[in-house]
file data_16.tsv (TSV, N, CA and C atoms)
chain	number	residue	atom	x	y	z
A	124	MET	N	-14.65	-27.30	-4.36
A	124	MET	CA	-13.60	-26.74	-3.55
A	124	MET	C	-13.75	-25.21	-3.54
A	125	TYR	N	-13.67	-24.65	-2.34
A	125	TYR	CA	-13.83	-23.21	-2.17
A	125	TYR	C	-12.51	-22.50	-2.43
A	126	ARG	N	-12.56	-21.46	-3.24
A	126	ARG	CA	-11.37	-20.64	-3.50
A	126	ARG	C	-11.66	-19.21	-3.13
A	127	LYS	N	-10.67	-18.58	-2.51
A	127	LYS	CA	-10.82	-17.17	-2.20
A	127	LYS	C	-10.70	-16.37	-3.50
A	128	LYS	N	-11.44	-15.29	-3.59
A	128	LYS	CA	-11.30	-14.47	-4.79
A	128	LYS	C	-10.00	-13.68	-4.70
A	129	PRO	N	-9.35	-13.47	-5.82
A	129	PRO	CA	-8.07	-12.75	-5.80
A	129	PRO	C	-8.24	-11.31	-5.31
A	130	ARG	N	-7.21	-10.81	-4.65
A	130	ARG	CA	-7.24	-9.43	-4.17
A	130	ARG	C	-7.05	-8.47	-5.34
A	131	THR	N	-7.69	-7.33	-5.24
A	131	THR	CA	-7.49	-6.29	-6.24
A	131	THR	C	-6.21	-5.53	-5.92
A	132	ARG	N	-5.78	-4.72	-6.87
A	132	ARG	CA	-4.59	-3.91	-6.68
A	132	ARG	C	-4.77	-2.96	-5.49
A	133	ILE	N	-5.97	-2.40	-5.35
A	133	ILE	CA	-6.25	-1.48	-4.26
A	133	ILE	C	-6.19	-2.20	-2.91
A	134	GLU	N	-6.68	-3.43	-2.85
A	134	GLU	CA	-6.61	-4.20	-1.61
A	134	GLU	C	-5.16	-4.50	-1.24
A	135	ILE	N	-4.33	-4.73	-2.23
A	135	ILE	CA	-2.91	-4.96	-1.95
A	135	ILE	C	-2.25	-3.67	-1.47
A	136	TYR	N	-2.64	-2.52	-2.05
A	136	TYR	CA	-2.15	-1.22	-1.55
A	136	TYR	C	-2.50	-1.09	-0.07
A	137	ALA	N	-3.73	-1.43	0.29
A	137	ALA	CA	-4.18	-1.33	1.68
A	137	ALA	C	-3.35	-2.25	2.58
A	138	ASP	N	-3.06	-3.46	2.10
A	138	ASP	CA	-2.26	-4.38	2.90
A	138	ASP	C	-0.84	-3.86	3.09
A	139	ILE	N	-0.28	-3.22	2.07
A	139	ILE	CA	1.05	-2.64	2.18
A	139	ILE	C	1.04	-1.51	3.22
A	140	LEU	N	0.04	-0.63	3.14
A	140	LEU	CA	-0.04	0.46	4.11
A	140	LEU	C	-0.21	-0.06	5.53
A	141	LEU	N	-1.04	-1.07	5.72
A	141	LEU	CA	-1.24	-1.62	7.05
A	141	LEU	C	0.02	-2.31	7.57
A	142	ALA	N	0.77	-2.98	6.70
A	142	ALA	CA	2.02	-3.62	7.12
A	142	ALA	C	3.05	-2.57	7.51
A	143	LEU	N	3.13	-1.47	6.74
A	143	LEU	CA	4.06	-0.40	7.08
A	143	LEU	C	3.64	0.29	8.37
A	144	ASP	N	2.35	0.44	8.58
A	144	ASP	CA	1.87	1.06	9.82
A	144	ASP	C	2.20	0.18	11.02
A	145	LYS	N	2.08	-1.11	10.85
A	145	LYS	CA	2.35	-2.05	11.94
A	145	LYS	C	3.83	-2.06	12.32
A	146	ASN	N	4.70	-1.98	11.31
A	146	ASN	CA	6.14	-2.08	11.55
A	146	ASN	C	6.85	-0.74	11.62
A	147	GLY	N	6.20	0.34	11.23
A	147	GLY	CA	6.83	1.65	11.24
A	147	GLY	C	7.55	1.94	9.94
A	148	SER	N	8.38	1.05	9.49
A	148	SER	CA	9.08	1.17	8.21
A	148	SER	C	9.60	-0.21	7.86
A	149	CYS	N	10.13	-0.34	6.67
A	149	CYS	CA	10.68	-1.63	6.27
A	149	CYS	C	11.88	-1.39	5.37
A	150	ASN	N	13.04	-1.85	5.81
A	150	ASN	CA	14.23	-1.67	4.99
A	150	ASN	C	14.56	-2.91	4.17
A	151	ARG	N	13.80	-3.99	4.36
A	151	ARG	CA	14.00	-5.20	3.57
A	151	ARG	C	12.74	-5.48	2.78
A	152	LEU	N	12.82	-5.26	1.47
A	152	LEU	CA	11.64	-5.43	0.62
A	152	LEU	C	11.18	-6.88	0.55
A	153	SER	N	12.11	-7.80	0.68
A	153	SER	CA	11.71	-9.21	0.65
A	153	SER	C	10.83	-9.54	1.86
A	154	ARG	N	11.11	-8.94	3.00
A	154	ARG	CA	10.28	-9.15	4.19
A	154	ARG	C	8.90	-8.53	4.00
A	155	LEU	N	8.86	-7.33	3.40
A	155	LEU	CA	7.58	-6.67	3.13
A	155	LEU	C	6.76	-7.49	2.14
A	156	ALA	N	7.42	-8.04	1.11
A	156	ALA	CA	6.71	-8.87	0.13
A	156	ALA	C	6.11	-10.10	0.80
A	157	MET	N	6.83	-10.68	1.74
A	157	MET	CA	6.32	-11.85	2.44
A	157	MET	C	5.16	-11.47	3.36
A	158	MET	N	5.25	-10.32	4.04
A	158	MET	CA	4.17	-9.90	4.94
A	158	MET	C	2.88	-9.61	4.16
A	159	VAL	N	3.04	-9.02	2.97
A	159	VAL	CA	1.87	-8.66	2.16
A	159	VAL	C	1.37	-9.85	1.37
A	160	GLY	N	2.26	-10.77	1.02
A	160	GLY	CA	1.86	-11.96	0.28
A	160	GLY	C	1.84	-11.76	-1.22
A	161	VAL	N	2.80	-10.99	-1.74
A	161	VAL	CA	2.93	-10.80	-3.18
A	161	VAL	C	4.38	-11.09	-3.58
A	162	PRO	N	4.60	-11.48	-4.83
A	162	PRO	CA	5.97	-11.70	-5.30
A	162	PRO	C	6.77	-10.39	-5.28
A	163	TYR	N	8.07	-10.53	-5.14
A	163	TYR	CA	8.98	-9.38	-5.01
A	163	TYR	C	8.86	-8.41	-6.18
A	164	ASP	N	8.84	-8.94	-7.42
A	164	ASP	CA	8.80	-8.06	-8.59
A	164	ASP	C	7.49	-7.27	-8.66
A	165	ARG	N	6.40	-7.90	-8.25
A	165	ARG	CA	5.11	-7.21	-8.24
A	165	ARG	C	5.07	-6.16	-7.14
A	166	LEU	N	5.72	-6.45	-6.00
A	166	LEU	CA	5.80	-5.48	-4.91
A	166	LEU	C	6.52	-4.22	-5.37
A	167	ILE	N	7.58	-4.38	-6.14
A	167	ILE	CA	8.33	-3.22	-6.66
A	167	ILE	C	7.40	-2.35	-7.50
A	168	ARG	N	6.60	-2.96	-8.36
A	168	ARG	CA	5.67	-2.20	-9.20
A	168	ARG	C	4.63	-1.46	-8.35
A	169	TYR	N	4.09	-2.16	-7.34
A	169	TYR	CA	3.10	-1.52	-6.46
A	169	TYR	C	3.72	-0.37	-5.68
A	170	LEU	N	4.95	-0.54	-5.20
A	170	LEU	CA	5.60	0.53	-4.45
A	170	LEU	C	5.82	1.76	-5.33
A	171	ASN	N	6.19	1.54	-6.58
A	171	ASN	CA	6.36	2.67	-7.50
A	171	ASN	C	5.05	3.41	-7.72
A	172	GLU	N	3.95	2.65	-7.86
A	172	GLU	CA	2.64	3.27	-8.05
A	172	GLU	C	2.22	4.05	-6.80
A	173	MET	N	2.48	3.48	-5.63
A	173	MET	CA	2.11	4.15	-4.39
A	173	MET	C	2.97	5.38	-4.14
A	174	LYS	N	4.21	5.33	-4.61
A	174	LYS	CA	5.09	6.49	-4.48
A	174	LYS	C	4.57	7.64	-5.33
A	175	LYS	N	4.08	7.32	-6.53
A	175	LYS	CA	3.50	8.35	-7.40
A	175	LYS	C	2.23	8.95	-6.80
A	176	LEU	N	1.49	8.14	-6.03
A	176	LEU	CA	0.28	8.64	-5.36
A	176	LEU	C	0.62	9.47	-4.13
A	177	GLY	N	1.87	9.40	-3.68
A	177	GLY	CA	2.30	10.17	-2.52
A	177	GLY	C	2.00	9.50	-1.20
A	178	LEU	N	1.74	8.20	-1.20
A	178	LEU	CA	1.39	7.49	0.03
A	178	LEU	C	2.62	7.00	0.79
A	179	ILE	N	3.71	6.73	0.06
A	179	ILE	CA	4.92	6.22	0.70
A	179	ILE	C	6.13	6.98	0.19
A	180	ARG	N	7.20	6.86	0.95
A	180	ARG	CA	8.51	7.35	0.50
A	180	ARG	C	9.40	6.12	0.44
A	181	TRP	N	9.99	5.90	-0.72
A	181	TRP	CA	10.82	4.72	-0.91
A	181	TRP	C	12.18	5.16	-1.41
A	182	GLU	N	13.17	4.92	-0.60
A	182	GLU	CA	14.55	5.22	-0.97
A	182	GLU	C	15.30	3.89	-0.98
A	183	PRO	N	16.00	3.59	-2.07
A	183	PRO	CA	16.58	2.25	-2.23
A	183	PRO	C	17.44	1.76	-1.07
A	184	TYR	N	18.23	2.62	-0.44
A	184	TYR	CA	19.11	2.14	0.62
A	184	TYR	C	18.61	2.47	2.02
A	185	SER	N	17.49	3.17	2.11
A	185	SER	CA	16.95	3.52	3.42
A	185	SER	C	15.70	2.74	3.76
A	186	GLY	N	14.94	2.31	2.79
A	186	GLY	CA	13.74	1.54	3.04
A	186	GLY	C	12.47	2.25	2.61
A	187	VAL	N	11.35	1.72	3.06
A	187	VAL	CA	10.03	2.24	2.71
A	187	VAL	C	9.39	2.83	3.96
A	188	TYR	N	8.86	4.04	3.82
A	188	TYR	CA	8.23	4.74	4.93
A	188	TYR	C	6.89	5.30	4.49
A	189	LEU	N	5.99	5.49	5.45
A	189	LEU	CA	4.73	6.18	5.17
A	189	LEU	C	5.00	7.68	5.10
A	190	THR	N	4.35	8.35	4.16
A	190	THR	CA	4.40	9.81	4.13
A	190	THR	C	3.28	10.35	5.01
A	191	ASN	N	3.21	11.67	5.12
A	191	ASN	CA	2.12	12.27	5.88
A	191	ASN	C	0.78	11.91	5.27
A	192	LYS	N	0.72	11.93	3.93
A	192	LYS	CA	-0.53	11.58	3.24
A	192	LYS	C	-0.92	10.13	3.52
A	193	GLY	N	0.05	9.23	3.53
A	193	GLY	CA	-0.23	7.83	3.85
A	193	GLY	C	-0.70	7.65	5.27
A	194	SER	N	-0.08	8.37	6.20
A	194	SER	CA	-0.49	8.29	7.60
A	194	SER	C	-1.89	8.85	7.79
A	195	GLU	N	-2.18	9.97	7.13
A	195	GLU	CA	-3.52	10.57	7.22
A	195	GLU	C	-4.57	9.64	6.65
A	196	THR	N	-4.24	8.94	5.57
A	196	THR	CA	-5.17	7.99	4.97
A	196	THR	C	-5.48	6.87	5.96
A	197	LEU	N	-4.46	6.38	6.66
A	197	LEU	CA	-4.68	5.33	7.66
A	197	LEU	C	-5.51	5.85	8.83
A	198	VAL	N	-5.25	7.08	9.26
A	198	VAL	CA	-6.02	7.65	10.37
A	198	VAL	C	-7.48	7.82	9.96
A	199	ASN	N	-7.72	8.30	8.73
A	199	ASN	CA	-9.08	8.50	8.25
A	199	ASN	C	-9.84	7.18	8.14
A	200	SER	N	-9.13	6.10	7.86
A	200	SER	CA	-9.78	4.80	7.75
A	200	SER	C	-10.01	4.14	9.11
A	201	GLN	N	-9.45	4.74	10.17
A	201	GLN	CA	-9.58	4.25	11.53
A	201	GLN	C	-9.03	2.83	11.68
A	202	GLY	N	-8.03	2.48	10.87
A	202	GLY	CA	-7.41	1.17	10.96
A	202	GLY	C	-8.24	0.03	10.39
A	203	ASN	N	-9.37	0.35	9.79
A	203	ASN	CA	-10.25	-0.66	9.21
A	203	ASN	C	-9.86	-0.87	7.74
A	204	ARG	N	-9.57	-2.10	7.36
A	204	ARG	CA	-9.10	-2.39	6.01
A	204	ARG	C	-10.15	-2.05	4.96
A	205	ASP	N	-11.43	-2.32	5.24
A	205	ASP	CA	-12.48	-2.03	4.26
A	205	ASP	C	-12.62	-0.53	4.03
A	206	ASN	N	-12.55	0.26	5.09
A	206	ASN	CA	-12.58	1.72	4.93
A	206	ASN	C	-11.36	2.20	4.16
A	207	LEU	N	-10.21	1.61	4.43
A	207	LEU	CA	-8.99	1.98	3.74
A	207	LEU	C	-9.09	1.69	2.25
A	208	VAL	N	-9.69	0.56	1.89
A	208	VAL	CA	-9.87	0.21	0.47
A	208	VAL	C	-10.77	1.25	-0.21
A	209	LEU	N	-11.83	1.67	0.46
A	209	LEU	CA	-12.72	2.69	-0.12
A	209	LEU	C	-12.00	4.01	-0.33
A	210	ILE	N	-11.21	4.44	0.65
A	210	ILE	CA	-10.47	5.70	0.54
A	210	ILE	C	-9.45	5.62	-0.58
A	211	LEU	N	-8.73	4.50	-0.67
A	211	LEU	CA	-7.72	4.34	-1.71
A	211	LEU	C	-8.36	4.27	-3.09
A	212	THR	N	-9.53	3.66	-3.19
A	212	THR	CA	-10.23	3.59	-4.48
A	212	THR	C	-10.56	4.99	-4.96
A	213	GLU	N	-11.07	5.83	-4.07
A	213	GLU	CA	-11.37	7.21	-4.44
A	213	GLU	C	-10.11	7.96	-4.84
A	214	LEU	N	-9.04	7.72	-4.11
A	214	LEU	CA	-7.77	8.39	-4.40
A	214	LEU	C	-7.23	7.99	-5.76
A	215	VAL	N	-7.23	6.70	-6.05
A	215	VAL	CA	-6.69	6.22	-7.33
A	215	VAL	C	-7.58	6.67	-8.49
A	216	GLN	N	-8.89	6.62	-8.34
A	216	GLN	CA	-9.78	7.07	-9.41
A	216	GLN	C	-9.65	8.57	-9.64
A	217	GLY	N	-9.42	9.33	-8.57
A	217	GLY	CA	-9.23	10.77	-8.71
A	217	GLY	C	-7.96	11.10	-9.47
A	218	VAL	N	-6.91	10.34	-9.22
A	218	VAL	CA	-5.64	10.55	-9.91
A	218	VAL	C	-5.77	10.17	-11.37
A	219	LYS	N	-6.48	9.08	-11.67
A	219	LYS	CA	-6.61	8.64	-13.06
A	219	LYS	C	-7.45	9.63	-13.88
A	220	THR	N	-8.44	10.26	-13.28
A	220	THR	CA	-9.25	11.20	-14.04
A	220	THR	C	-8.50	12.49	-14.32
A	221	ILE	N	-7.56	12.85	-13.43
A	221	ILE	CA	-6.76	14.06	-13.64
A	221	ILE	C	-5.76	13.85	-14.75
A	222	MET	N	-5.18	12.67	-14.82
A	222	MET	CA	-4.15	12.37	-15.81
A	222	MET	C	-4.78	12.36	-17.14
call {"tool": "encode", "arguments": {"input": "data_16.tsv", "output": "structure tokens"}}
result
Amino acid sequence: MYRKKPRTRIEIYADILLALDKNGSCNRLSRLAMMVGVPYDRLIRYLNEMKKLGLIRWEPYSGVYLTNKGSETLVNSQGNRDNLVLILTELVQGVKTIM
């Protein structure tokens, strides 16, 4: 039986950014969790990590929005998920080496 390999954290970041780009913003986290395909509690953790990277702005009663940095990252990837994963990998590794 063929099984798909599990997505990495960076691939899930890319899926979140693409979902936010498609919808503009999301004020219901349960809907975003369903669009991305991750459990709600894990989505909260990913959103906090992405907020620290400066890719999104998340306000509890207003919703989740892309920041300028998140939008620029999507533009640089030209909407291609594989390019976006490469850019995010470099971004996350750069942040980890600074810390």
call {"tool": "closest_residue", "arguments": {"input": "data_16.tsv", "among": "A:Ser148, A:Asn191, A:Glu134, A:Met157", "to": "Leu211 in chain A", "atoms": "all atoms listed in the file"}}
result
A:Glu134
call {"tool": "closest_residue", "arguments": {"input": "data_16.tsv", "among": "A:Leu176, A:Ser194, A:Tyr125, A:Val159", "to": "Ile139 in chain A", "atoms": "all atoms listed in the file"}}
result
A:Val159
call {"tool": "select_by_dssp", "arguments": {"input": "data_16.tsv", "residues": "chain A", "states": "strand (DSSP E)", "output": "JSON, numbers by chain"}}
result
{"A": [148, 149, 179, 180, 181, 182, 186, 187, 188, 189]}
call {"tool": "atom_distance", "arguments": {"input": "data_16.tsv", "atom1": "CA of Leu178 in chain A", "atom2": "CA of Arg204 in chain A"}}
result
15.6 Å
call {"tool": "residues_near_point", "arguments": {"input": "data_16.tsv", "point": "(-2.3, 5.3, -5.8)", "cutoff": "10 Å", "atoms": "only C-alpha atoms", "output": "ChimeraX atom specification"}}
result
/A:132-133,136,169-179,211-219
call {"tool": "residues_around", "arguments": {"input": "data_16.tsv", "residues": "Ser185 in chain A", "least_positions_apart": "3", "cutoff": "8 Å", "atoms": "only C-alpha atoms", "output": "PyMOL selection string"}}
result
chain A and resi 150+181-182
call {"tool": "write_last_selection", "arguments": {"input": "data_16.tsv", "atoms": "N, CA and C atoms", "output": "PDB file, in the frame of the given file"}}
result
ATOM      1  N   ASN A 150      13.040  -1.850   5.810  1.00  0.00           N
ATOM      2  CA  ASN A 150      14.230  -1.670   4.990  1.00  0.00           C
ATOM      3  C   ASN A 150      14.560  -2.910   4.170  1.00  0.00           C
ATOM      4  N   TRP A 181       9.990   5.900  -0.720  1.00  0.00           N
ATOM      5  CA  TRP A 181      10.820   4.720  -0.910  1.00  0.00           C
ATOM      6  C   TRP A 181      12.180   5.160  -1.410  1.00  0.00           C
ATOM      7  N   GLU A 182      13.170   4.920  -0.600  1.00  0.00           N
ATOM      8  CA  GLU A 182      14.550   5.220  -0.970  1.00  0.00           C
ATOM      9  C   GLU A 182      15.300   3.890  -0.980  1.00  0.00           C
TER      10      GLU A 182
END
call {"tool": "closest_residue", "arguments": {"input": "data_16.tsv", "among": "A:Tyr188, A:Lys127, A:Thr196, A:Pro162", "to": "Gly147 in chain A", "atoms": "all atoms listed in the file"}}
result
A:Tyr188
call {"tool": "closest_residue", "arguments": {"input": "data_16.tsv", "among": "A:Arg165, A:Arg130, A:Leu155, A:Arg180", "to": "Ala142 in chain A", "atoms": "only N, CA and C atoms"}}
result
A:Leu155
call {"tool": "select_by_dssp", "arguments": {"input": "data_16.tsv", "residues": "range 139-199 of chain A", "states": "helix (DSSP H, G or I)", "output": "PyMOL selection string"}}
result
chain A and resi 139-146+152-159+163-176+191-199
call {"tool": "atom_distance", "arguments": {"input": "data_16.tsv", "atom1": "atom C of Glu195 in chain A", "atom2": "CA of Leu143 in chain A"}}
result
13.2 Å
call {"tool": "atom_distance", "arguments": {"input": "data_16.tsv", "atom1": "atom N of Leu209 in chain A", "atom2": "atom N of Val161 in chain A"}}
result
19.5 Å
call {"tool": "closest_residue", "arguments": {"input": "data_16.tsv", "among": "A:Pro129, A:Pro183, A:Asn146, A:Leu189", "to": "Gly160 in chain A", "atoms": "only C-alpha atoms"}}
result
A:Pro129
call {"tool": "closest_residue", "arguments": {"input": "data_16.tsv", "among": "A:Cys149, A:Leu207, A:Ala156, A:Leu140", "to": "Val187 in chain A", "atoms": "only N, CA and C atoms"}}
result
A:Cys149
